[in-house]
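What follows is a set of notes on a single structure, which appears directly below.
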Protein chains: 2
Amino acid sequence: MMQKVINPPQSEWPRLCQRAGKNYAELHKAVLPIIQDVKQNGDRALRKYVERFDKVWVDNFRVTEAEFAEAEKQVSEELKKAIKTAKYNIAKFHLEQKEAVKKIETTEGVICWRRSTPIAKVGLYIPSQSAPLFSTILMLGIPANMAGCEEIVLCSTPNRDGKLHPVILYTAHLLNIRHVFKCGGAQAIAAMAYGTETVPQVYKIFGPSNQYVTAAKQLVSEDGVAIDMTAGPSELLVLADDTANPVFVAADLLSQAEHGTDSQVMLATSSESLVHAVLQEIDQQLPLLPRQDIARQSLSKSTALVFANLQEAMAFSNEYAPEHLIIATANEEVLAEKVVNAGSVFLGNYSPESAGDYASGTNHTLPTEGFAKSFSGVSLDSFVKKITFQRLSPKGIRNLGPVIEIMAEAEGLHAHKNAVTVRLKALQS
Amino acid sequence: MMQKVINPPQSEWPRLCQRAGKNYAELHKAVLPIIQDVKQNGDRALRKYVERFDKVWVDNFRVTEAEFAEAEKQVSEELKKAIKTAKYNIAKFHLEQKEAVKKIETTEGVICWRRSTPIAKVGLYIPSQSAPLFSTILMLGIPANMAGCEEIVLCSTPNRDGKLHPVILYTAHLLNIRHVFKCGGAQAIAAMAYGTETVPQVYKIFGPSNQYVTAAKQLVSEDGVAIDMTAGPSELLVLADDTANPVFVAADLLSQAEHGTDSQVMLATSSESLVHAVLQEIDQQLPLLPRQDIARQSLSKSTALVFANLQEAMAFSNEYAPEHLIIATANEEVLAEKVVNAGSVFLGNYSPESAGDYASGTNHTLPTEGFAKSFSGVSLDSFVKKITFQRLSPKGIRNLGPVIEIMAEAEGLHAHKNAVTVRLKALQS
């Protein structure tokens, strides 16, 4: 069960904010041979590792049109409708992230602008071992389509029959993602990073997963393949006062705790009585959950903290930098203004974290392990590069040229200066 | 001198697009002990490596107010004025990158938005060995200030007298950057990543440099410190036709070639006669340059390519993905629309690449080595995190709750579903 800590002094905060962490050096050692093998031997190596780790021999990795059609029939109408509603909301939210081209005249005759350009080839890794995470296909596939990525490749772990879950295939098909491959784990990351006979090479790889996949993403990123982020175990911090409903808070903490045994949930509050009520509620709700064993293990690494006031609790939250932050307090909008480090924030008693996981519209691919101090979650931006452009007219180079000449000379870069000088001379003649 | 290639078949393009590359595994081995030493032993280790690599014993790394005041006197008024003009333009261009908060109602009662929040602590690494790169202070410091980063730390290599170049100090002071430290190299990166008694710890490190500094940035990034990018040697591709001025093209190629012996410049054209004229011009201009030895070495690794037409040359440029791209052709705006992979693009005969290096307003910290396929250059975005927020009203959770319940159940995450169910139940009673 959750640990309880009353009024921790600031000197204790760093320890309380520590995540379990991974020994990436060890993980790299385990994963590197797989990556090198797939890089060199393509499909043959990929097939070998899929057999070893996913326990199935896959002749053809590529999902066929017949398989998509079959999946379509196996998903209930109710679920299809829910997925379409989520798709609508996610698209609506991400569409606002589109940036119009604005041409700016910085000096008379000097016009600069930037244009968002899609990353041509992207790869989506969709875990589907303990659960078929089709919601992640929505979170990555919708902005990838919106950005205009030409080639979207999706890899996901096959089951023991060598198939992908119907709802994975249905969701991919709904988003017009047709390059879908039955392979998971570090070997799938390598396949997308370097390409095989079957799996196309991509420029950027997205998607959450276990520590082996994360280590594989780190390794291929050293080879120049971009990755969305280093994603660790899921986290939630609930900031609450006496106005919070302990039933809701307990349910929210459990919803995050069920993700994996290494998930971490934190309750930061000004109210010791709320802690008691929440812990009691957890006792009530936990035994009813199918994944109670997982939740119990993550709760044992989790903490309820009582602070002198909400300002202090908020300061702790900013130091912790949670992936998800629920603020269930009076005047939560005022506290929301104080959020400096968090991935995604949920305000008020009726905003469960699971709304953002599935359907409200915000992205659920978010920075964990304190990375919210310097990283954003996935957004439309993650699927584009913003290329800058500039045009100087003869008047522009006349106006700005002397400035460039002086600065280039001061940096000792005379050829930089000369590129201006030859133009100014030509305009004089 | 530059190699000349006529009509290379597409099968040859990957080889022609290859960069020299670095053996990062070897570099990591060289740099790791320095990083670990500074991490463990702070200032004492930092002082030792500054003495070893920069050949100077520095008692106090922190630049004093007296040093800033002294530097102010040593910079010419002409240079100060040029720097202020550049500052104005860079600020004007980057200010347009500010994103207003837009609240979006995705479903009735479900409101989502995102807010840009500064990365609280950032570190700027400014090389100043072969030249004092004060322009990079502008390119990093201006957006850092604009984003609202609370603590901006700057490290730069001291000279043999244990001082920083006056123009480095002047520019830092102009941007109100007061945490300036006299240390360079991998040891400075480690100091900013982990903090020492003197140098504050930061969350993200920016700035170009040599391969050791780049390797150090890679290593600390594995430890959770964000970095702007893995920056390799500078590059330029000039796309030109018969309308280009060979004097300008030669000057542009030389301006990039003088950066370092590992810089690479490419000329891609539809006109063989232009290649001859440009090569002749290079012969004329090169002997007049102070850094001609450096430029000569980079030219020996550079190539002029003649294609059947400009469309093919553009396709090659997109495959090469240059850091800088000059398009000096008739109808260059039409070709500009075809740019898919490039860091920054310069249009027309009067837009030298050095304009963007110093003063036009665009940022000069750009992706090299083909990373422009998936990375943007530095912008205001690089200094903020975009945190998403959401609020569901009772009506919102009533509208969207059932969708979340269905999806959570389909993913086998019952506690996620329950976080909605307990709220819907409470609203029914």
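Starting from 1 in every chain, residues are counted up; chains themselves are A, B, ... following the order of the structure tokens, and ligands are numbered from 1 as listed.
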Spatial neighbours of Val75 (chain A), max dist 9 Å, only C-alpha atoms, sep filter under 4 positions, as an MDAnalysis selection string: chainID A and resid 71 79:80 166:167 170
Backbone DSSP call of helix (DSSP H, G or I) for region 212-284 of chain A, listed as a ChimeraX atom specification: /A:212-222,246-257,272-284
Those residues you just picked out, can you put them in a file as an mmCIF file, in the first residue's frame with N, CA and C atoms?
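What ended up in out13.cif:
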data_model
loop_
_atom_site.group_PDB
_atom_site.id
_atom_site.type_symbol
_atom_site.label_atom_id
_atom_site.label_comp_id
_atom_site.auth_asym_id
_atom_site.auth_seq_id
_atom_site.Cartn_x
_atom_site.Cartn_y
_atom_site.Cartn_z
ATOM 1 N N TYR A 212 13.116 -2.697 -23.128
ATOM 2 C CA TYR A 212 13.943 -3.186 -24.232
ATOM 3 C C TYR A 212 13.702 -2.355 -25.497
ATOM 4 N N VAL A 213 12.443 -2.077 -25.747
ATOM 5 C CA VAL A 213 12.102 -1.252 -26.905
ATOM 6 C C VAL A 213 12.660 0.164 -26.721
ATOM 7 N N THR A 214 12.555 0.681 -25.499
ATOM 8 C CA THR A 214 13.096 2.021 -25.219
ATOM 9 C C THR A 214 14.605 2.033 -25.435
ATOM 10 N N ALA A 215 15.287 1.003 -24.948
ATOM 11 C CA ALA A 215 16.741 0.924 -25.144
ATOM 12 C C ALA A 215 17.067 0.829 -26.631
ATOM 13 N N ALA A 216 16.272 0.076 -27.378
ATOM 14 C CA ALA A 216 16.503 -0.040 -28.823
ATOM 15 C C ALA A 216 16.318 1.312 -29.505
ATOM 16 N N LYS A 217 15.292 2.067 -29.089
ATOM 17 C CA LYS A 217 15.081 3.392 -29.669
ATOM 18 C C LYS A 217 16.279 4.303 -29.379
ATOM 19 N N GLN A 218 16.794 4.239 -28.148
ATOM 20 C CA GLN A 218 17.981 5.043 -27.820
ATOM 21 C C GLN A 218 19.151 4.684 -28.730
ATOM 22 N N LEU A 219 19.362 3.392 -28.944
ATOM 23 C CA LEU A 219 20.524 2.952 -29.733
ATOM 24 C C LEU A 219 20.402 3.386 -31.196
ATOM 25 N N VAL A 220 19.221 3.209 -31.796
ATOM 26 C CA VAL A 220 19.103 3.607 -33.201
ATOM 27 C C VAL A 220 19.159 5.128 -33.330
ATOM 28 N N SER A 221 18.785 5.847 -32.261
ATOM 29 C CA SER A 221 18.852 7.316 -32.347
ATOM 30 C C SER A 221 20.302 7.779 -32.418
ATOM 31 N N GLU A 222 21.229 7.025 -31.816
ATOM 32 C CA GLU A 222 22.650 7.370 -31.948
ATOM 33 C C GLU A 222 23.120 7.200 -33.393
ATOM 34 N N PRO A 246 -12.827 11.723 -2.492
ATOM 35 C CA PRO A 246 -11.852 10.629 -2.295
ATOM 36 C C PRO A 246 -12.134 9.413 -3.173
ATOM 37 N N VAL A 247 -13.404 9.213 -3.524
ATOM 38 C CA VAL A 247 -13.734 8.088 -4.411
ATOM 39 C C VAL A 247 -13.086 8.312 -5.783
ATOM 40 N N PHE A 248 -13.194 9.539 -6.285
ATOM 41 C CA PHE A 248 -12.603 9.847 -7.591
ATOM 42 C C PHE A 248 -11.073 9.768 -7.529
ATOM 43 N N VAL A 249 -10.515 10.347 -6.450
ATOM 44 C CA VAL A 249 -9.045 10.366 -6.338
ATOM 45 C C VAL A 249 -8.507 8.938 -6.287
ATOM 46 N N ALA A 250 -9.163 8.091 -5.505
ATOM 47 C CA ALA A 250 -8.720 6.691 -5.405
ATOM 48 C C ALA A 250 -8.801 6.013 -6.769
ATOM 49 N N ALA A 251 -9.899 6.258 -7.485
ATOM 50 C CA ALA A 251 -10.077 5.631 -8.804
ATOM 51 C C ALA A 251 -8.996 6.126 -9.783
ATOM 52 N N ASP A 252 -8.658 7.418 -9.700
ATOM 53 C CA ASP A 252 -7.629 7.959 -10.590
ATOM 54 C C ASP A 252 -6.256 7.350 -10.288
ATOM 55 N N LEU A 253 -5.933 7.265 -8.990
ATOM 56 C CA LEU A 253 -4.633 6.694 -8.615
ATOM 57 C C LEU A 253 -4.555 5.242 -9.091
ATOM 58 N N LEU A 254 -5.657 4.504 -8.919
ATOM 59 C CA LEU A 254 -5.658 3.100 -9.342
ATOM 60 C C LEU A 254 -5.571 2.983 -10.864
ATOM 61 N N SER A 255 -6.171 3.929 -11.569
ATOM 62 C CA SER A 255 -6.153 3.826 -13.039
ATOM 63 C C SER A 255 -4.716 3.923 -13.552
ATOM 64 N N GLN A 256 -3.903 4.687 -12.864
ATOM 65 C CA GLN A 256 -2.515 4.772 -13.306
ATOM 66 C C GLN A 256 -1.700 3.600 -12.777
ATOM 67 N N ALA A 257 -2.043 3.164 -11.569
ATOM 68 C CA ALA A 257 -1.291 2.068 -10.944
ATOM 69 C C ALA A 257 -1.458 0.754 -11.703
ATOM 70 N N GLU A 272 -4.688 16.022 5.567
ATOM 71 C CA GLU A 272 -4.365 14.670 6.026
ATOM 72 C C GLU A 272 -5.621 13.793 6.043
ATOM 73 N N SER A 273 -6.764 14.399 6.301
ATOM 74 C CA SER A 273 -7.997 13.590 6.335
ATOM 75 C C SER A 273 -8.318 13.060 4.929
ATOM 76 N N LEU A 274 -7.979 13.831 3.903
ATOM 77 C CA LEU A 274 -8.197 13.329 2.539
ATOM 78 C C LEU A 274 -7.352 12.079 2.292
ATOM 79 N N VAL A 275 -6.122 12.099 2.784
ATOM 80 C CA VAL A 275 -5.254 10.926 2.599
ATOM 81 C C VAL A 275 -5.914 9.686 3.199
ATOM 82 N N HIS A 276 -6.423 9.847 4.409
ATOM 83 C CA HIS A 276 -7.061 8.681 5.048
ATOM 84 C C HIS A 276 -8.256 8.180 4.247
ATOM 85 N N ALA A 277 -9.058 9.140 3.797
ATOM 86 C CA ALA A 277 -10.255 8.754 3.040
ATOM 87 C C ALA A 277 -9.870 8.079 1.724
ATOM 88 N N VAL A 278 -8.828 8.587 1.073
ATOM 89 C CA VAL A 278 -8.404 8.018 -0.217
ATOM 90 C C VAL A 278 -7.831 6.613 -0.009
ATOM 91 N N LEU A 279 -7.018 6.459 1.034
ATOM 92 C CA LEU A 279 -6.433 5.134 1.277
ATOM 93 C C LEU A 279 -7.529 4.112 1.578
ATOM 94 N N GLN A 280 -8.534 4.540 2.315
ATOM 95 C CA GLN A 280 -9.665 3.637 2.585
ATOM 96 C C GLN A 280 -10.388 3.261 1.297
ATOM 97 N N GLU A 281 -10.600 4.250 0.449
ATOM 98 C CA GLU A 281 -11.281 4.010 -0.825
ATOM 99 C C GLU A 281 -10.470 3.061 -1.719
ATOM 100 N N ILE A 282 -9.150 3.230 -1.697
ATOM 101 C CA ILE A 282 -8.312 2.312 -2.482
ATOM 102 C C ILE A 282 -8.543 0.880 -2.002
ATOM 103 N N ASP A 283 -8.579 0.703 -0.688
ATOM 104 C CA ASP A 283 -8.847 -0.628 -0.138
ATOM 105 C C ASP A 283 -10.163 -1.206 -0.640
ATOM 106 N N GLN A 284 -11.151 -0.337 -0.804
ATOM 107 C CA GLN A 284 -12.455 -0.785 -1.293
ATOM 108 C C GLN A 284 -12.396 -1.153 -2.780
#
Could you work out how far CA of Tyr350 (chain A) lies from CA of Glu105 (chain B), giving the answer in Å with one decimal?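 Distance reported for this atom pair: 15.2 Å.
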From a backbone DSSP assignment, name each residue in region 56-151 of chain B labelled strand (DSSP E or B), as a ChimeraX atom specification. /B:62,104-107,110-118,121-126,151
Give me the residues within 10 Å of Val5 (chain A) as a PDB file with N, CA and C atoms, in the first residue's frame, counting only C-alpha atoms and dropping any in the same chain fewer than 6 places off.
ATOM      1  N   LEU A  16      12.307  11.985  -2.687  1.00  0.00           N
ATOM      2  CA  LEU A  16      10.904  11.630  -2.935  1.00  0.00           C
ATOM      3  C   LEU A  16      10.550  11.730  -4.430  1.00  0.00           C
ATOM      4  N   ALA A 268      -0.501  14.501  -3.542  1.00  0.00           N
ATOM      5  CA  ALA A 268       0.075  15.637  -2.813  1.00  0.00           C
ATOM      6  C   ALA A 268      -1.084  16.518  -2.379  1.00  0.00           C
ATOM      7  N   GLU A 272      -4.688  16.022   5.567  1.00  0.00           N
ATOM      8  CA  GLU A 272      -4.365  14.670   6.026  1.00  0.00           C
ATOM      9  C   GLU A 272      -5.621  13.793   6.043  1.00  0.00           C
ATOM     10  N   THR A 303       3.467   7.156  -3.045  1.00  0.00           N
ATOM     11  CA  THR A 303       3.489   7.934  -1.808  1.00  0.00           C
ATOM     12  C   THR A 303       2.348   8.938  -1.752  1.00  0.00           C
ATOM     13  N   ALA A 304       1.752   9.090  -0.573  1.00  0.00           N
ATOM     14  CA  ALA A 304       0.806  10.175  -0.301  1.00  0.00           C
ATOM     15  C   ALA A 304       1.524  11.187   0.587  1.00  0.00           C
ATOM     16  N   LEU A 305       1.551  12.435   0.134  1.00  0.00           N
ATOM     17  CA  LEU A 305       2.317  13.468   0.838  1.00  0.00           C
ATOM     18  C   LEU A 305       1.382  14.551   1.350  1.00  0.00           C
ATOM     19  N   VAL A 306       1.544  14.911   2.611  1.00  0.00           N
ATOM     20  CA  VAL A 306       0.744  16.000   3.182  1.00  0.00           C
ATOM     21  C   VAL A 306       1.654  17.212   3.365  1.00  0.00           C
ATOM     22  N   PHE A 307       1.228  18.343   2.783  1.00  0.00           N
ATOM     23  CA  PHE A 307       2.021  19.573   2.887  1.00  0.00           C
ATOM     24  C   PHE A 307       1.277  20.610   3.721  1.00  0.00           C
TER      25      PHE A 307
END
Name the residues in contact with region 360-368 of chain A at a cut-off of 6 Å, using only C-alpha atoms, excluding same-chain residues fewer than 4 positions from it; report them as a VMD selection string. chain A and resid 89 to 90 93 139 232 323 343 355 to 356 372 377 to 378
For a test of reading the model, state the distance in Å between CA of Ala86 (chain B) and CA of Glu99 (chain B), rounded to one decimal.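 About the pair CA of Ala86 (chain B) and CA of Glu99 (chain B): they are 22.9 Å apart.
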From the list B:Leu286, B:Cys17, B:Glu78, B:Leu46, which residue is nearest Pro322 (chain B) when using only C-alpha atoms? B:Cys17
Leaving out Thr243 (chain A) and any residue of its chain fewer than 6 positions from it, which residues lie within 12 Å of it when counting only C-alpha atoms, given as a PyMOL selection string? chain A and resi 249+269-271+273-274+327-332+348-349
What's the 12 Å shell around Leu413 (chain A), counting only C-alpha atoms, without same-chain residues fewer than 2 positions away, as a PyMOL selection string? (chain A and resi 404-411+415-420) or (chain B and resi 130-133+135+254-260+289-292+294-295+354+357-358)
Just how far from CA of Pro233 (chain B) is CA of Val265 (chain B), in Å to one decimal?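 Taking CA of Val265 (chain B) and CA of Pro233 (chain B), their separation equals 10.6 Å.
Using only C-alpha atoms, the contacts of region 29-42 of chain A at a cut-off of 7 Å, with sequence neighbours closer than 3 positions omitted, comprise Ala25, Glu26, Ala45, Leu46, Ala186, Gln187, Ala190, Ala191, Tyr194, Thr196, Glu197, Tyr212 and Ala216 of chain A.
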Written selection (all heavy atoms) as a tab-separated table (two decimals), in the first residue's frame:
chain	number	residue	atom	x	y	z
A	25	ALA	N	22.79	1.02	-19.62
A	25	ALA	CA	24.02	0.40	-20.11
A	25	ALA	C	23.83	-1.11	-20.26
A	25	ALA	O	24.18	-1.71	-21.28
A	25	ALA	CB	25.18	0.73	-19.17
A	26	GLU	N	23.20	-1.72	-19.24
A	26	GLU	CA	22.93	-3.16	-19.29
A	26	GLU	C	21.93	-3.49	-20.41
A	26	GLU	O	22.11	-4.46	-21.16
A	26	GLU	CB	22.35	-3.63	-17.95
A	26	GLU	CG	23.36	-3.81	-16.85
A	26	GLU	CD	24.46	-4.81	-17.23
A	26	GLU	OE1	24.14	-5.91	-17.71
A	26	GLU	OE2	25.66	-4.45	-17.09
A	45	ALA	N	16.79	-12.23	-39.86
A	45	ALA	CA	17.05	-12.00	-38.44
A	45	ALA	C	15.76	-11.60	-37.71
A	45	ALA	O	15.47	-12.08	-36.61
A	45	ALA	CB	18.10	-10.91	-38.27
A	46	LEU	N	14.97	-10.76	-38.36
A	46	LEU	CA	13.72	-10.31	-37.76
A	46	LEU	C	12.83	-11.51	-37.43
A	46	LEU	O	12.29	-11.64	-36.33
A	46	LEU	CB	13.01	-9.37	-38.76
A	46	LEU	CG	11.72	-8.69	-38.31
A	46	LEU	CD1	11.93	-7.85	-37.06
A	46	LEU	CD2	11.16	-7.81	-39.44
A	186	ALA	N	12.54	-5.04	-29.71
A	186	ALA	CA	13.72	-4.32	-30.22
A	186	ALA	C	13.95	-4.62	-31.70
A	186	ALA	O	14.40	-3.75	-32.46
A	186	ALA	CB	14.95	-4.74	-29.41
A	187	GLN	N	13.60	-5.84	-32.12
A	187	GLN	CA	13.82	-6.22	-33.52
A	187	GLN	C	12.95	-5.40	-34.47
A	187	GLN	O	13.37	-5.06	-35.58
A	187	GLN	CB	13.62	-7.73	-33.73
A	187	GLN	CG	12.27	-8.32	-33.32
A	187	GLN	CD	12.18	-8.67	-31.84
A	187	GLN	OE1	13.04	-8.28	-31.03
A	187	GLN	NE2	11.13	-9.38	-31.46
A	190	ALA	N	14.60	-2.00	-34.85
A	190	ALA	CA	15.72	-2.10	-35.79
A	190	ALA	C	15.23	-2.19	-37.23
A	190	ALA	O	15.80	-1.57	-38.14
A	190	ALA	CB	16.58	-3.32	-35.45
A	191	ALA	N	14.16	-2.94	-37.45
A	191	ALA	CA	13.62	-3.09	-38.81
A	191	ALA	C	13.20	-1.74	-39.37
A	191	ALA	O	13.52	-1.41	-40.52
A	191	ALA	CB	12.43	-4.06	-38.80
A	194	TYR	N	16.44	0.64	-40.00
A	194	TYR	CA	17.36	0.35	-41.10
A	194	TYR	C	16.67	-0.21	-42.34
A	194	TYR	O	17.27	-0.29	-43.41
A	194	TYR	CB	18.46	-0.62	-40.62
A	194	TYR	CG	19.17	-0.10	-39.40
A	194	TYR	CD1	18.95	-0.65	-38.15
A	194	TYR	CD2	20.03	1.00	-39.50
A	194	TYR	CE1	19.58	-0.14	-37.02
A	194	TYR	CE2	20.66	1.52	-38.38
A	194	TYR	CZ	20.43	0.94	-37.15
A	194	TYR	OH	21.05	1.47	-36.04
A	196	THR	N	14.18	-3.54	-43.85
A	196	THR	CA	14.51	-4.92	-44.22
A	196	THR	C	13.89	-5.13	-45.60
A	196	THR	O	13.33	-4.20	-46.18
A	196	THR	CB	13.90	-5.94	-43.23
A	196	THR	OG1	12.47	-5.95	-43.40
A	196	THR	CG2	14.23	-5.62	-41.78
A	197	GLU	N	13.94	-6.36	-46.11
A	197	GLU	CA	13.31	-6.64	-47.41
A	197	GLU	C	11.82	-6.30	-47.37
A	197	GLU	O	11.23	-5.90	-48.37
A	197	GLU	CB	13.47	-8.12	-47.79
A	197	GLU	CG	14.93	-8.58	-47.94
A	197	GLU	CD	15.55	-9.05	-46.63
A	197	GLU	OE1	15.21	-8.50	-45.56
A	197	GLU	OE2	16.39	-9.97	-46.69
A	212	TYR	N	13.12	-2.70	-23.13
A	212	TYR	CA	13.94	-3.19	-24.23
A	212	TYR	C	13.70	-2.35	-25.50
A	212	TYR	O	14.63	-1.99	-26.21
A	212	TYR	CB	13.66	-4.67	-24.51
A	212	TYR	CG	14.08	-5.54	-23.37
A	212	TYR	CD1	13.15	-6.03	-22.46
A	212	TYR	CD2	15.43	-5.84	-23.16
A	212	TYR	CE1	13.54	-6.78	-21.37
A	212	TYR	CE2	15.83	-6.61	-22.07
A	212	TYR	CZ	14.88	-7.08	-21.18
A	212	TYR	OH	15.27	-7.82	-20.11
A	216	ALA	N	16.27	0.08	-27.38
A	216	ALA	CA	16.50	-0.04	-28.82
A	216	ALA	C	16.32	1.31	-29.51
A	216	ALA	O	17.10	1.69	-30.39
A	216	ALA	CB	15.55	-1.08	-29.43
